[in-house]
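Next comes data.cif, a file with mmCIF, N, CA and C atoms and all ligand atoms.
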data_my_file
#
loop_
_atom_site.label_atom_id
_atom_site.label_comp_id
_atom_site.auth_asym_id
_atom_site.auth_seq_id
_atom_site.Cartn_x
_atom_site.Cartn_y
_atom_site.Cartn_z
N MET A 27 6.84 13.58 -14.96
CA MET A 27 6.26 14.15 -13.73
C MET A 27 6.18 13.08 -12.65
N LEU A 28 6.74 13.41 -11.48
CA LEU A 28 6.77 12.45 -10.37
C LEU A 28 5.47 12.54 -9.57
N VAL A 29 4.82 11.41 -9.34
CA VAL A 29 3.57 11.40 -8.57
C VAL A 29 3.61 10.34 -7.47
N ARG A 30 2.69 10.50 -6.51
CA ARG A 30 2.48 9.48 -5.48
C ARG A 30 1.00 9.08 -5.52
N LEU A 31 0.76 7.79 -5.56
CA LEU A 31 -0.62 7.28 -5.54
C LEU A 31 -0.75 6.34 -4.34
N ILE A 32 -1.77 6.55 -3.55
CA ILE A 32 -2.04 5.61 -2.45
C ILE A 32 -3.45 5.05 -2.66
N TYR A 33 -3.55 3.72 -2.66
CA TYR A 33 -4.87 3.11 -2.79
C TYR A 33 -5.04 2.06 -1.70
N ALA A 34 -6.29 1.74 -1.44
CA ALA A 34 -6.61 0.65 -0.52
C ALA A 34 -7.41 -0.40 -1.27
N SER A 35 -7.32 -1.65 -0.82
CA SER A 35 -8.16 -2.72 -1.37
C SER A 35 -8.31 -3.77 -0.27
N ARG A 36 -9.29 -4.66 -0.47
CA ARG A 36 -9.50 -5.72 0.51
C ARG A 36 -9.00 -7.05 -0.05
N SER A 37 -8.26 -7.79 0.76
CA SER A 37 -7.74 -9.06 0.26
C SER A 37 -8.91 -10.02 0.04
N ALA A 38 -8.82 -10.80 -1.04
CA ALA A 38 -9.88 -11.75 -1.36
C ALA A 38 -9.73 -12.97 -0.46
N GLY A 39 -10.37 -12.95 0.67
CA GLY A 39 -10.24 -14.04 1.65
C GLY A 39 -8.89 -13.96 2.35
N MET A 40 -8.60 -14.99 3.12
CA MET A 40 -7.31 -15.03 3.83
C MET A 40 -6.22 -15.46 2.85
N LEU A 41 -5.23 -14.61 2.64
CA LEU A 41 -4.14 -14.98 1.74
C LEU A 41 -3.11 -15.80 2.51
N SER A 42 -2.58 -16.82 1.87
CA SER A 42 -1.55 -17.63 2.51
C SER A 42 -0.23 -16.87 2.46
N PRO A 43 0.72 -17.23 3.36
CA PRO A 43 2.04 -16.58 3.33
C PRO A 43 2.69 -16.71 1.95
N VAL A 44 2.45 -17.83 1.27
CA VAL A 44 3.03 -18.03 -0.07
C VAL A 44 2.47 -16.99 -1.05
N GLU A 45 1.17 -16.74 -0.98
CA GLU A 45 0.55 -15.75 -1.88
C GLU A 45 1.10 -14.35 -1.61
N VAL A 46 1.28 -14.03 -0.33
CA VAL A 46 1.79 -12.70 0.02
C VAL A 46 3.24 -12.57 -0.48
N LYS A 47 4.02 -13.62 -0.29
CA LYS A 47 5.42 -13.58 -0.76
C LYS A 47 5.48 -13.45 -2.27
N ASP A 48 4.52 -14.06 -2.95
CA ASP A 48 4.48 -13.98 -4.41
C ASP A 48 4.25 -12.53 -4.86
N ILE A 49 3.42 -11.81 -4.13
CA ILE A 49 3.18 -10.39 -4.46
C ILE A 49 4.46 -9.58 -4.24
N VAL A 50 5.16 -9.88 -3.15
CA VAL A 50 6.41 -9.17 -2.86
C VAL A 50 7.44 -9.43 -3.96
N ARG A 51 7.53 -10.70 -4.36
CA ARG A 51 8.50 -11.08 -5.40
C ARG A 51 8.22 -10.35 -6.71
N SER A 52 6.96 -10.37 -7.15
CA SER A 52 6.58 -9.69 -8.39
C SER A 52 6.89 -8.20 -8.30
N SER A 53 6.56 -7.61 -7.15
CA SER A 53 6.75 -6.16 -6.98
C SER A 53 8.22 -5.81 -7.08
N GLN A 54 9.05 -6.60 -6.41
CA GLN A 54 10.48 -6.30 -6.44
C GLN A 54 11.05 -6.46 -7.84
N ARG A 55 10.57 -7.49 -8.53
CA ARG A 55 11.08 -7.76 -9.87
C ARG A 55 10.65 -6.67 -10.86
N ASN A 56 9.37 -6.30 -10.83
CA ASN A 56 8.83 -5.40 -11.86
C ASN A 56 9.02 -3.92 -11.56
N ASN A 57 8.85 -3.53 -10.30
CA ASN A 57 8.81 -2.09 -10.00
C ASN A 57 10.15 -1.41 -10.25
N ALA A 58 11.24 -2.13 -9.93
CA ALA A 58 12.57 -1.54 -10.13
C ALA A 58 12.77 -1.17 -11.59
N LYS A 59 12.32 -2.06 -12.49
CA LYS A 59 12.47 -1.80 -13.93
C LYS A 59 11.68 -0.58 -14.36
N LEU A 60 10.55 -0.32 -13.68
CA LEU A 60 9.69 0.81 -14.05
C LEU A 60 10.11 2.10 -13.35
N GLY A 61 11.08 2.00 -12.44
CA GLY A 61 11.46 3.17 -11.65
C GLY A 61 10.39 3.55 -10.64
N VAL A 62 9.54 2.58 -10.30
CA VAL A 62 8.47 2.83 -9.31
C VAL A 62 8.92 2.29 -7.96
N THR A 63 8.82 3.12 -6.93
CA THR A 63 9.14 2.68 -5.57
C THR A 63 7.89 2.86 -4.71
N GLY A 64 7.98 2.46 -3.46
CA GLY A 64 6.80 2.61 -2.60
C GLY A 64 6.79 1.60 -1.50
N ALA A 65 5.63 1.37 -0.95
CA ALA A 65 5.50 0.41 0.13
C ALA A 65 4.09 -0.16 0.12
N LEU A 66 3.99 -1.35 0.64
CA LEU A 66 2.69 -2.03 0.71
C LEU A 66 2.53 -2.57 2.12
N VAL A 67 1.41 -2.27 2.74
CA VAL A 67 1.15 -2.84 4.06
C VAL A 67 -0.17 -3.61 4.00
N LEU A 68 -0.26 -4.63 4.80
CA LEU A 68 -1.47 -5.45 4.88
C LEU A 68 -1.85 -5.54 6.34
N SER A 69 -3.04 -5.08 6.65
CA SER A 69 -3.49 -5.11 8.04
C SER A 69 -4.99 -5.32 8.07
N ASN A 70 -5.45 -6.22 8.93
CA ASN A 70 -6.89 -6.39 9.10
C ASN A 70 -7.58 -6.76 7.77
N GLY A 71 -6.86 -7.47 6.90
CA GLY A 71 -7.43 -7.86 5.61
C GLY A 71 -7.49 -6.74 4.58
N ILE A 72 -6.85 -5.61 4.88
CA ILE A 72 -6.86 -4.48 3.96
C ILE A 72 -5.43 -4.18 3.50
N PHE A 73 -5.27 -4.10 2.18
CA PHE A 73 -3.99 -3.67 1.61
C PHE A 73 -4.00 -2.15 1.51
N LEU A 74 -2.85 -1.56 1.79
CA LEU A 74 -2.67 -0.13 1.55
C LEU A 74 -1.33 -0.03 0.84
N GLN A 75 -1.36 0.51 -0.37
CA GLN A 75 -0.12 0.56 -1.15
C GLN A 75 0.13 1.97 -1.64
N CYS A 76 1.40 2.35 -1.55
CA CYS A 76 1.85 3.64 -2.05
C CYS A 76 2.78 3.38 -3.22
N LEU A 77 2.51 4.01 -4.35
CA LEU A 77 3.35 3.87 -5.54
C LEU A 77 3.88 5.25 -5.91
N GLU A 78 5.20 5.36 -6.04
CA GLU A 78 5.82 6.64 -6.39
C GLU A 78 6.65 6.45 -7.65
N GLY A 79 6.55 7.40 -8.57
CA GLY A 79 7.34 7.31 -9.80
C GLY A 79 6.75 8.19 -10.88
N ASP A 80 7.22 7.98 -12.10
CA ASP A 80 6.69 8.73 -13.24
C ASP A 80 5.18 8.47 -13.37
N HIS A 81 4.42 9.50 -13.67
CA HIS A 81 2.95 9.34 -13.64
C HIS A 81 2.44 8.28 -14.63
N LEU A 82 3.09 8.14 -15.77
CA LEU A 82 2.64 7.13 -16.74
C LEU A 82 2.94 5.72 -16.25
N MET A 83 4.10 5.56 -15.61
CA MET A 83 4.49 4.24 -15.07
C MET A 83 3.58 3.85 -13.90
N VAL A 84 3.32 4.82 -13.01
CA VAL A 84 2.46 4.55 -11.85
C VAL A 84 1.06 4.19 -12.34
N ASN A 85 0.58 4.94 -13.33
CA ASN A 85 -0.75 4.70 -13.88
C ASN A 85 -0.88 3.30 -14.47
N SER A 86 0.09 2.91 -15.29
CA SER A 86 -0.05 1.60 -15.94
C SER A 86 0.14 0.47 -14.94
N LEU A 87 1.05 0.66 -13.96
CA LEU A 87 1.23 -0.38 -12.93
C LEU A 87 -0.05 -0.53 -12.11
N TYR A 88 -0.66 0.59 -11.72
CA TYR A 88 -1.89 0.53 -10.92
C TYR A 88 -2.97 -0.24 -11.68
N HIS A 89 -3.10 0.01 -12.97
CA HIS A 89 -4.12 -0.69 -13.75
C HIS A 89 -3.83 -2.18 -13.87
N ARG A 90 -2.55 -2.55 -13.91
CA ARG A 90 -2.20 -3.98 -13.91
C ARG A 90 -2.57 -4.61 -12.57
N ILE A 91 -2.26 -3.91 -11.48
CA ILE A 91 -2.54 -4.44 -10.14
C ILE A 91 -4.06 -4.63 -9.95
N LEU A 92 -4.84 -3.74 -10.55
CA LEU A 92 -6.31 -3.81 -10.40
C LEU A 92 -6.88 -5.13 -10.93
N LEU A 93 -6.18 -5.73 -11.89
CA LEU A 93 -6.68 -6.97 -12.51
C LEU A 93 -6.46 -8.19 -11.62
N ASP A 94 -5.73 -8.03 -10.53
CA ASP A 94 -5.34 -9.16 -9.68
C ASP A 94 -6.53 -9.66 -8.85
N ALA A 95 -6.81 -10.96 -8.97
CA ALA A 95 -7.97 -11.55 -8.27
C ALA A 95 -7.73 -11.71 -6.77
N ARG A 96 -6.51 -11.42 -6.30
CA ARG A 96 -6.23 -11.58 -4.87
C ARG A 96 -6.75 -10.42 -4.03
N HIS A 97 -7.30 -9.39 -4.69
CA HIS A 97 -7.91 -8.30 -3.92
C HIS A 97 -9.14 -7.76 -4.65
N ARG A 98 -9.93 -6.95 -3.93
CA ARG A 98 -11.16 -6.38 -4.50
C ARG A 98 -11.43 -5.04 -3.83
N GLU A 99 -12.47 -4.36 -4.30
CA GLU A 99 -12.84 -3.04 -3.77
C GLU A 99 -11.67 -2.05 -3.72
N PRO A 100 -10.93 -1.91 -4.82
CA PRO A 100 -9.84 -0.94 -4.81
C PRO A 100 -10.38 0.49 -4.83
N ALA A 101 -9.71 1.38 -4.14
CA ALA A 101 -10.10 2.79 -4.15
C ALA A 101 -8.84 3.65 -4.04
N ILE A 102 -8.69 4.59 -4.95
CA ILE A 102 -7.59 5.56 -4.85
C ILE A 102 -7.94 6.54 -3.74
N LEU A 103 -7.06 6.65 -2.76
CA LEU A 103 -7.35 7.52 -1.61
C LEU A 103 -6.53 8.80 -1.64
N ALA A 104 -5.40 8.79 -2.33
CA ALA A 104 -4.58 10.01 -2.44
C ALA A 104 -3.81 9.92 -3.75
N TYR A 105 -3.74 11.04 -4.44
CA TYR A 105 -2.99 11.07 -5.68
C TYR A 105 -2.51 12.49 -5.92
N GLY A 106 -1.22 12.66 -6.27
CA GLY A 106 -0.77 14.01 -6.59
C GLY A 106 0.68 14.06 -6.97
N GLU A 107 1.05 15.19 -7.54
CA GLU A 107 2.43 15.45 -7.93
C GLU A 107 3.26 15.64 -6.66
N ILE A 108 4.51 15.14 -6.67
CA ILE A 108 5.37 15.28 -5.49
C ILE A 108 6.73 15.86 -5.90
N ASP A 109 7.42 16.49 -4.93
CA ASP A 109 8.76 17.03 -5.20
C ASP A 109 9.82 15.94 -5.08
N HIS A 110 9.59 15.01 -4.16
CA HIS A 110 10.56 13.93 -3.93
C HIS A 110 9.84 12.71 -3.39
N ARG A 111 10.52 11.57 -3.50
CA ARG A 111 9.95 10.32 -3.01
C ARG A 111 10.10 10.20 -1.50
N LEU A 112 9.14 9.57 -0.86
CA LEU A 112 9.26 9.25 0.57
C LEU A 112 9.78 7.83 0.75
N TYR A 113 9.47 6.96 -0.22
CA TYR A 113 9.85 5.54 -0.10
C TYR A 113 10.74 5.17 -1.28
N GLY A 114 12.00 5.58 -1.18
CA GLY A 114 12.93 5.39 -2.29
C GLY A 114 13.31 3.95 -2.50
N ASP A 115 13.20 3.14 -1.45
CA ASP A 115 13.48 1.72 -1.58
C ASP A 115 12.17 0.98 -1.44
N TRP A 116 11.98 -0.02 -2.27
CA TRP A 116 10.74 -0.80 -2.13
C TRP A 116 10.71 -1.45 -0.75
N ALA A 117 9.58 -1.36 -0.09
CA ALA A 117 9.44 -2.02 1.19
C ALA A 117 8.06 -2.66 1.26
N MET A 118 8.01 -3.81 1.86
CA MET A 118 6.71 -4.48 2.02
C MET A 118 6.60 -4.92 3.46
N GLY A 119 5.57 -4.55 4.12
CA GLY A 119 5.46 -4.91 5.52
C GLY A 119 4.09 -5.42 5.87
N LEU A 120 4.04 -6.11 6.97
CA LEU A 120 2.78 -6.61 7.47
C LEU A 120 2.53 -5.96 8.82
N VAL A 121 1.42 -5.28 8.96
CA VAL A 121 1.11 -4.63 10.23
C VAL A 121 -0.02 -5.40 10.90
N THR A 122 0.24 -5.87 12.09
CA THR A 122 -0.81 -6.59 12.81
C THR A 122 -1.44 -5.65 13.83
N THR A 123 -2.65 -5.98 14.22
CA THR A 123 -3.38 -5.07 15.10
C THR A 123 -3.07 -5.35 16.56
N THR A 124 -1.98 -4.80 17.02
CA THR A 124 -1.63 -4.91 18.43
C THR A 124 -2.17 -3.66 19.13
N GLU A 125 -2.04 -3.63 20.44
CA GLU A 125 -2.54 -2.47 21.18
C GLU A 125 -1.83 -1.18 20.73
N ALA A 126 -0.51 -1.29 20.44
CA ALA A 126 0.24 -0.11 20.00
C ALA A 126 -0.30 0.41 18.68
N ASN A 127 -0.63 -0.54 17.78
CA ASN A 127 -1.17 -0.14 16.49
C ASN A 127 -2.56 0.48 16.63
N ARG A 128 -3.34 -0.06 17.57
CA ARG A 128 -4.68 0.49 17.79
C ARG A 128 -4.60 1.97 18.12
N SER A 129 -3.65 2.34 18.98
CA SER A 129 -3.55 3.75 19.34
C SER A 129 -3.04 4.56 18.15
N MET A 130 -2.23 3.92 17.28
CA MET A 130 -1.77 4.59 16.06
C MET A 130 -2.97 4.87 15.15
N PHE A 131 -3.86 3.89 14.99
CA PHE A 131 -5.04 4.10 14.13
C PHE A 131 -5.97 5.14 14.75
N LEU A 132 -6.14 5.08 16.07
CA LEU A 132 -7.04 6.00 16.76
C LEU A 132 -6.58 7.45 16.65
N LYS A 133 -5.26 7.61 16.51
CA LYS A 133 -4.70 8.96 16.36
C LYS A 133 -5.26 9.67 15.12
N TYR A 134 -5.54 8.89 14.08
CA TYR A 134 -5.96 9.48 12.80
C TYR A 134 -7.44 9.28 12.47
N ALA A 135 -8.11 8.41 13.20
CA ALA A 135 -9.48 8.07 12.81
C ALA A 135 -10.41 8.08 14.02
N ALA A 136 -11.70 7.97 13.73
CA ALA A 136 -12.70 8.02 14.79
C ALA A 136 -12.72 6.73 15.61
N GLN A 137 -12.25 5.64 15.03
CA GLN A 137 -12.24 4.37 15.76
C GLN A 137 -10.89 3.67 15.57
N SER A 138 -10.57 2.71 16.44
CA SER A 138 -9.23 2.12 16.43
C SER A 138 -9.09 0.94 15.47
N GLU A 139 -10.17 0.59 14.75
CA GLU A 139 -10.04 -0.43 13.71
C GLU A 139 -9.35 0.20 12.51
N PHE A 140 -8.53 -0.57 11.82
CA PHE A 140 -7.84 -0.05 10.64
C PHE A 140 -8.84 0.04 9.48
N ASP A 141 -9.23 1.24 9.10
CA ASP A 141 -10.15 1.43 7.98
C ASP A 141 -9.75 2.68 7.20
N PRO A 142 -8.77 2.53 6.29
CA PRO A 142 -8.22 3.71 5.61
C PRO A 142 -9.19 4.36 4.63
N TYR A 143 -10.29 3.66 4.29
CA TYR A 143 -11.21 4.18 3.28
C TYR A 143 -11.83 5.52 3.70
N GLU A 144 -11.92 5.74 4.99
CA GLU A 144 -12.60 6.95 5.48
C GLU A 144 -11.66 8.12 5.74
N LEU A 145 -10.34 7.90 5.55
CA LEU A 145 -9.39 8.95 5.94
C LEU A 145 -9.17 10.00 4.86
N ARG A 146 -8.90 11.23 5.28
CA ARG A 146 -8.55 12.29 4.35
C ARG A 146 -7.12 12.05 3.87
N PRO A 147 -6.76 12.49 2.65
CA PRO A 147 -5.44 12.20 2.09
C PRO A 147 -4.26 12.56 2.99
N LYS A 148 -4.31 13.70 3.64
CA LYS A 148 -3.17 14.13 4.48
C LYS A 148 -2.99 13.19 5.67
N ALA A 149 -4.12 12.90 6.34
CA ALA A 149 -4.06 11.98 7.49
C ALA A 149 -3.60 10.60 7.03
N LEU A 150 -4.07 10.19 5.87
CA LEU A 150 -3.70 8.89 5.33
C LEU A 150 -2.19 8.79 5.09
N GLU A 151 -1.62 9.85 4.52
CA GLU A 151 -0.18 9.83 4.26
C GLU A 151 0.62 9.73 5.55
N MET A 152 0.14 10.43 6.60
CA MET A 152 0.86 10.37 7.88
C MET A 152 0.71 9.01 8.53
N LEU A 153 -0.50 8.46 8.49
CA LEU A 153 -0.72 7.12 9.06
C LEU A 153 0.11 6.09 8.29
N PHE A 154 0.16 6.22 6.98
CA PHE A 154 0.92 5.27 6.16
C PHE A 154 2.38 5.25 6.58
N ALA A 155 2.96 6.44 6.75
CA ALA A 155 4.37 6.54 7.16
C ALA A 155 4.58 5.86 8.51
N GLU A 156 3.64 6.04 9.43
CA GLU A 156 3.78 5.39 10.75
C GLU A 156 3.65 3.88 10.62
N MET A 157 2.73 3.43 9.75
CA MET A 157 2.55 1.99 9.58
C MET A 157 3.79 1.35 8.99
N VAL A 158 4.40 2.01 8.01
CA VAL A 158 5.61 1.46 7.40
C VAL A 158 6.72 1.36 8.45
N ALA A 159 6.81 2.39 9.31
CA ALA A 159 7.85 2.39 10.34
C ALA A 159 7.64 1.25 11.34
N HIS A 160 6.36 0.87 11.58
CA HIS A 160 6.06 -0.19 12.54
C HIS A 160 5.94 -1.57 11.91
N ALA A 161 5.95 -1.62 10.58
CA ALA A 161 5.62 -2.87 9.89
C ALA A 161 6.68 -3.93 10.08
N ARG A 162 6.21 -5.17 10.12
CA ARG A 162 7.11 -6.31 10.14
C ARG A 162 7.45 -6.62 8.69
N PRO A 163 8.72 -6.49 8.28
CA PRO A 163 9.04 -6.68 6.87
C PRO A 163 8.88 -8.15 6.45
N ILE A 164 8.48 -8.32 5.21
CA ILE A 164 8.37 -9.66 4.63
C ILE A 164 9.42 -9.75 3.55
N SER A 165 10.24 -10.77 3.61
CA SER A 165 11.21 -10.92 2.51
C SER A 165 10.65 -11.90 1.48
N ALA A 166 11.04 -11.67 0.24
CA ALA A 166 10.48 -12.48 -0.84
C ALA A 166 11.11 -13.87 -0.88
C1 LIG B 201 -2.31 -5.67 -3.27
C2 LIG B 201 -1.43 -6.04 -4.43
C3 LIG B 201 -0.34 -5.24 -4.74
C4 LIG B 201 0.49 -5.53 -5.81
N1 LIG B 201 1.54 -4.71 -6.10
C5 LIG B 201 2.30 -4.99 -7.17
C6 LIG B 201 3.36 -4.11 -7.52
O1 LIG B 201 3.62 -3.09 -6.89
N2 LIG B 201 4.11 -4.45 -8.61
C7 LIG B 201 3.88 -5.56 -9.37
O2 LIG B 201 4.57 -5.78 -10.35
N3 LIG B 201 2.88 -6.40 -9.04
C8 LIG B 201 2.09 -6.14 -7.97
N4 LIG B 201 1.08 -7.00 -7.65
C9 LIG B 201 0.94 -8.25 -8.44
C10 LIG B 201 0.30 -8.00 -9.79
O3 LIG B 201 -1.09 -7.90 -9.66
C11 LIG B 201 0.65 -9.13 -10.77
O4 LIG B 201 0.35 -10.38 -10.20
C12 LIG B 201 2.13 -9.11 -11.12
O5 LIG B 201 2.54 -7.82 -11.51
C13 LIG B 201 2.40 -10.08 -12.27
O6 LIG B 201 3.75 -9.95 -12.65
P1 LIG B 201 4.72 -11.22 -12.77
O7 LIG B 201 4.09 -12.06 -13.86
O8 LIG B 201 6.02 -10.63 -13.12
O9 LIG B 201 4.71 -11.92 -11.42
C14 LIG B 201 0.23 -6.69 -6.58
C15 LIG B 201 -0.85 -7.51 -6.26
C16 LIG B 201 -1.68 -7.19 -5.19
C17 LIG B 201 -2.84 -8.08 -4.85
#
Exercise: express the given structure as structure tokens:
Amino acid sequence: MLVRLIYASRSAGMLSPVEVKDIVRSSQRNNAKLGVTGALVLSNGIFLQCLEGDHLMVNSLYHRILLDARHREPAILAYGEIDHRLYGDWAMGLVTTTEANRSMFLKYAAQSEFDPYELRPKALEMLFAEMVAHARPISA
């Protein structure tokens, strides 16, 4: 069964570019083997990650990611069965809070600060797609 899981977490302090690249490298190496695709964005000290794939693979990967000391306060914000993947290729991007992004956040939330914890799943999925489209890609 194909599912999509979106969760948010807060980075444990300021992560160095090396630490962020290390996450990208691990993701690219491991996720392909599991048939899990998706995207990860980091903005305002908050990670937002979408994992798509077989429900057992997504579940076990999510539980592995939870053990990582580089983030805290994880929360599943959307989870469900899907007909097809939206992010067939792994992508990792960094979204910074520019004026354009502020209006993007304001479109979906009561305030222009990036705070996905308060969003409803549908709005979250739409905001996530916009963030990925605007994200500055990070190569491993
Ligand atoms: C926000 C966040 C997202 C992560 N996403 C993934 C991921 O999608 N796939 C993955 O294998 N590791 C991910 N990691 C890293 C794992 O927690 C872990 O360090 C890694 O899987 C270890 O595998 P390795 O020994 O092959 O590097 C993530 C870590 C963080 C902090």
Q.
Can you tell me which residues surround region 95-104 of chain A at a distance of at most 5 Å, considering only N, CA and C atoms, apart from same-chain residues fewer than 2 positions away, and format the answer as JSON, numbers by chain?
A. {"A": [31, 32, 33, 34, 35, 36, 37, 38, 93, 106]}
Q: Using only N, CA and C atoms and all ligand atoms, find each residue with an atom at most 6 Å away from ligand LIG 201 (chain B) and format the answer as a ChimeraX atom specification.
A: /A:49,52-54,56-57,73,90-94,96-97
Q) Which residues come within 8 Å of Thr63 (chain A), counting all atoms listed in the file, excluding same-chain residues fewer than 2 positions away, as a list in words? A)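 So the residues in contact are Asn57, Ala58, Leu60, Gly61, Ala65, Leu66, Cys76, Leu77, Glu78, Gly79, Asp80, Arg111, Leu112, Tyr113, Gly114, Asp115, Trp116 and Ala117 of chain A.
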Q: Would you mind writing down, as a ChimeraX atom specification, each residue of chain A that DSSP on the backbone assigns to strand (DSSP E)?
A: /A:28-37,63-69,72-80,97-107,117-120,162-163
Just-selected residues, N, CA and C atoms written as a CSV table (one decimal), in the coordinates of the input:
chain,number,residue,atom,x,y,z
A,28,LEU,N,6.7,13.4,-11.5
A,28,LEU,CA,6.8,12.4,-10.4
A,28,LEU,C,5.5,12.5,-9.6
A,29,VAL,N,4.8,11.4,-9.3
A,29,VAL,CA,3.6,11.4,-8.6
A,29,VAL,C,3.6,10.3,-7.5
A,30,ARG,N,2.7,10.5,-6.5
A,30,ARG,CA,2.5,9.5,-5.5
A,30,ARG,C,1.0,9.1,-5.5
A,31,LEU,N,0.8,7.8,-5.6
A,31,LEU,CA,-0.6,7.3,-5.5
A,31,LEU,C,-0.8,6.3,-4.3
A,32,ILE,N,-1.8,6.6,-3.6
A,32,ILE,CA,-2.0,5.6,-2.4
A,32,ILE,C,-3.4,5.0,-2.7
A,33,TYR,N,-3.6,3.7,-2.7
A,33,TYR,CA,-4.9,3.1,-2.8
A,33,TYR,C,-5.0,2.1,-1.7
A,34,ALA,N,-6.3,1.7,-1.4
A,34,ALA,CA,-6.6,0.6,-0.5
A,34,ALA,C,-7.4,-0.4,-1.3
A,35,SER,N,-7.3,-1.6,-0.8
A,35,SER,CA,-8.2,-2.7,-1.4
A,35,SER,C,-8.3,-3.8,-0.3
A,36,ARG,N,-9.3,-4.7,-0.5
A,36,ARG,CA,-9.5,-5.7,0.5
A,36,ARG,C,-9.0,-7.0,0.0
A,37,SER,N,-8.3,-7.8,0.8
A,37,SER,CA,-7.7,-9.1,0.3
A,37,SER,C,-8.9,-10.0,0.0
A,63,THR,N,8.8,3.1,-6.9
A,63,THR,CA,9.1,2.7,-5.6
A,63,THR,C,7.9,2.9,-4.7
A,64,GLY,N,8.0,2.5,-3.5
A,64,GLY,CA,6.8,2.6,-2.6
A,64,GLY,C,6.8,1.6,-1.5
A,65,ALA,N,5.6,1.4,-1.0
A,65,ALA,CA,5.5,0.4,0.1
A,65,ALA,C,4.1,-0.2,0.1
A,66,LEU,N,4.0,-1.4,0.6
A,66,LEU,CA,2.7,-2.0,0.7
A,66,LEU,C,2.5,-2.6,2.1
A,67,VAL,N,1.4,-2.3,2.7
A,67,VAL,CA,1.2,-2.8,4.1
A,67,VAL,C,-0.2,-3.6,4.0
A,68,LEU,N,-0.3,-4.6,4.8
A,68,LEU,CA,-1.5,-5.4,4.9
A,68,LEU,C,-1.8,-5.5,6.3
A,69,SER,N,-3.0,-5.1,6.6
A,69,SER,CA,-3.5,-5.1,8.0
A,69,SER,C,-5.0,-5.3,8.1
A,72,ILE,N,-6.8,-5.6,4.9
A,72,ILE,CA,-6.9,-4.5,4.0
A,72,ILE,C,-5.4,-4.2,3.5
A,73,PHE,N,-5.3,-4.1,2.2
A,73,PHE,CA,-4.0,-3.7,1.6
A,73,PHE,C,-4.0,-2.2,1.5
A,74,LEU,N,-2.8,-1.6,1.8
A,74,LEU,CA,-2.7,-0.1,1.6
A,74,LEU,C,-1.3,0.0,0.8
A,75,GLN,N,-1.4,0.5,-0.4
A,75,GLN,CA,-0.1,0.6,-1.2
A,75,GLN,C,0.1,2.0,-1.6
A,76,CYS,N,1.4,2.4,-1.6
A,76,CYS,CA,1.8,3.6,-2.0
A,76,CYS,C,2.8,3.4,-3.2
A,77,LEU,N,2.5,4.0,-4.4
A,77,LEU,CA,3.4,3.9,-5.5
A,77,LEU,C,3.9,5.2,-5.9
A,78,GLU,N,5.2,5.4,-6.0
A,78,GLU,CA,5.8,6.6,-6.4
A,78,GLU,C,6.6,6.4,-7.6
A,79,GLY,N,6.6,7.4,-8.6
A,79,GLY,CA,7.3,7.3,-9.8
A,79,GLY,C,6.8,8.2,-10.9
A,80,ASP,N,7.2,8.0,-12.1
A,80,ASP,CA,6.7,8.7,-13.2
A,80,ASP,C,5.2,8.5,-13.4
A,97,HIS,N,-7.3,-9.4,-4.7
A,97,HIS,CA,-7.9,-8.3,-3.9
A,97,HIS,C,-9.1,-7.8,-4.6
A,98,ARG,N,-9.9,-7.0,-3.9
A,98,ARG,CA,-11.2,-6.4,-4.5
A,98,ARG,C,-11.4,-5.0,-3.8
A,99,GLU,N,-12.5,-4.4,-4.3
A,99,GLU,CA,-12.8,-3.0,-3.8
A,99,GLU,C,-11.7,-2.0,-3.7
A,100,PRO,N,-10.9,-1.9,-4.8
A,100,PRO,CA,-9.8,-0.9,-4.8
A,100,PRO,C,-10.4,0.5,-4.8
A,101,ALA,N,-9.7,1.4,-4.1
A,101,ALA,CA,-10.1,2.8,-4.2
A,101,ALA,C,-8.8,3.6,-4.0
A,102,ILE,N,-8.7,4.6,-5.0
A,102,ILE,CA,-7.6,5.6,-4.8
A,102,ILE,C,-7.9,6.5,-3.7
A,103,LEU,N,-7.1,6.6,-2.8
A,103,LEU,CA,-7.4,7.5,-1.6
A,103,LEU,C,-6.5,8.8,-1.6
A,104,ALA,N,-5.4,8.8,-2.3
A,104,ALA,CA,-4.6,10.0,-2.4
A,104,ALA,C,-3.8,9.9,-3.8
A,105,TYR,N,-3.7,11.0,-4.4
A,105,TYR,CA,-3.0,11.1,-5.7
A,105,TYR,C,-2.5,12.5,-5.9
A,106,GLY,N,-1.2,12.7,-6.3
A,106,GLY,CA,-0.8,14.0,-6.6
A,106,GLY,C,0.7,14.1,-7.0
A,107,GLU,N,1.0,15.2,-7.5
A,107,GLU,CA,2.4,15.4,-7.9
A,107,GLU,C,3.3,15.6,-6.7
A,117,ALA,N,9.6,-1.4,-0.1
A,117,ALA,CA,9.4,-2.0,1.2
A,117,ALA,C,8.1,-2.7,1.3
A,118,MET,N,8.0,-3.8,1.9
A,118,MET,CA,6.7,-4.5,2.0
A,118,MET,C,6.6,-4.9,3.5
A,119,GLY,N,5.6,-4.6,4.1
A,119,GLY,CA,5.5,-4.9,5.5
A,119,GLY,C,4.1,-5.4,5.9
A,120,LEU,N,4.0,-6.1,7.0
A,120,LEU,CA,2.8,-6.6,7.5
A,120,LEU,C,2.5,-6.0,8.8
A,162,ARG,N,6.2,-5.2,10.1
A,162,ARG,CA,7.1,-6.3,10.1
A,162,ARG,C,7.4,-6.6,8.7
A,163,PRO,N,8.7,-6.5,8.3
A,163,PRO,CA,9.0,-6.7,6.9
A,163,PRO,C,8.9,-8.2,6.4
**Q.** Distance query His81 (chain A) at most 7 Å, all atoms listed in the file, self and fewer than 5 positions along chain excluded, as JSON, numbers by chain
**A.** {"A": [27, 28, 29, 86]}
Q. Which one of A:Met83, A:Leu68, A:Ile164, A:Ala135 sits closest to Thr122 (chain A) if you count all atoms listed in the file?
A.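 Result for the nearest residue to Thr122 (chain A): A:Leu68.
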(Q) Counting only N, CA and C atoms, which residue out of A:Gly64, A:Ser69, A:Arg55, A:Arg30 sits closest to Thr123 (chain A)? (A) A:Ser69
Q.
Using DSSP assignments from the backbone, pull out every residue in chain A that falls under helix (DSSP H, G or I) and give it to me as a PyMOL selection string.
A. chain A and resi 43-60+81-92+125-134+142-144+147-160
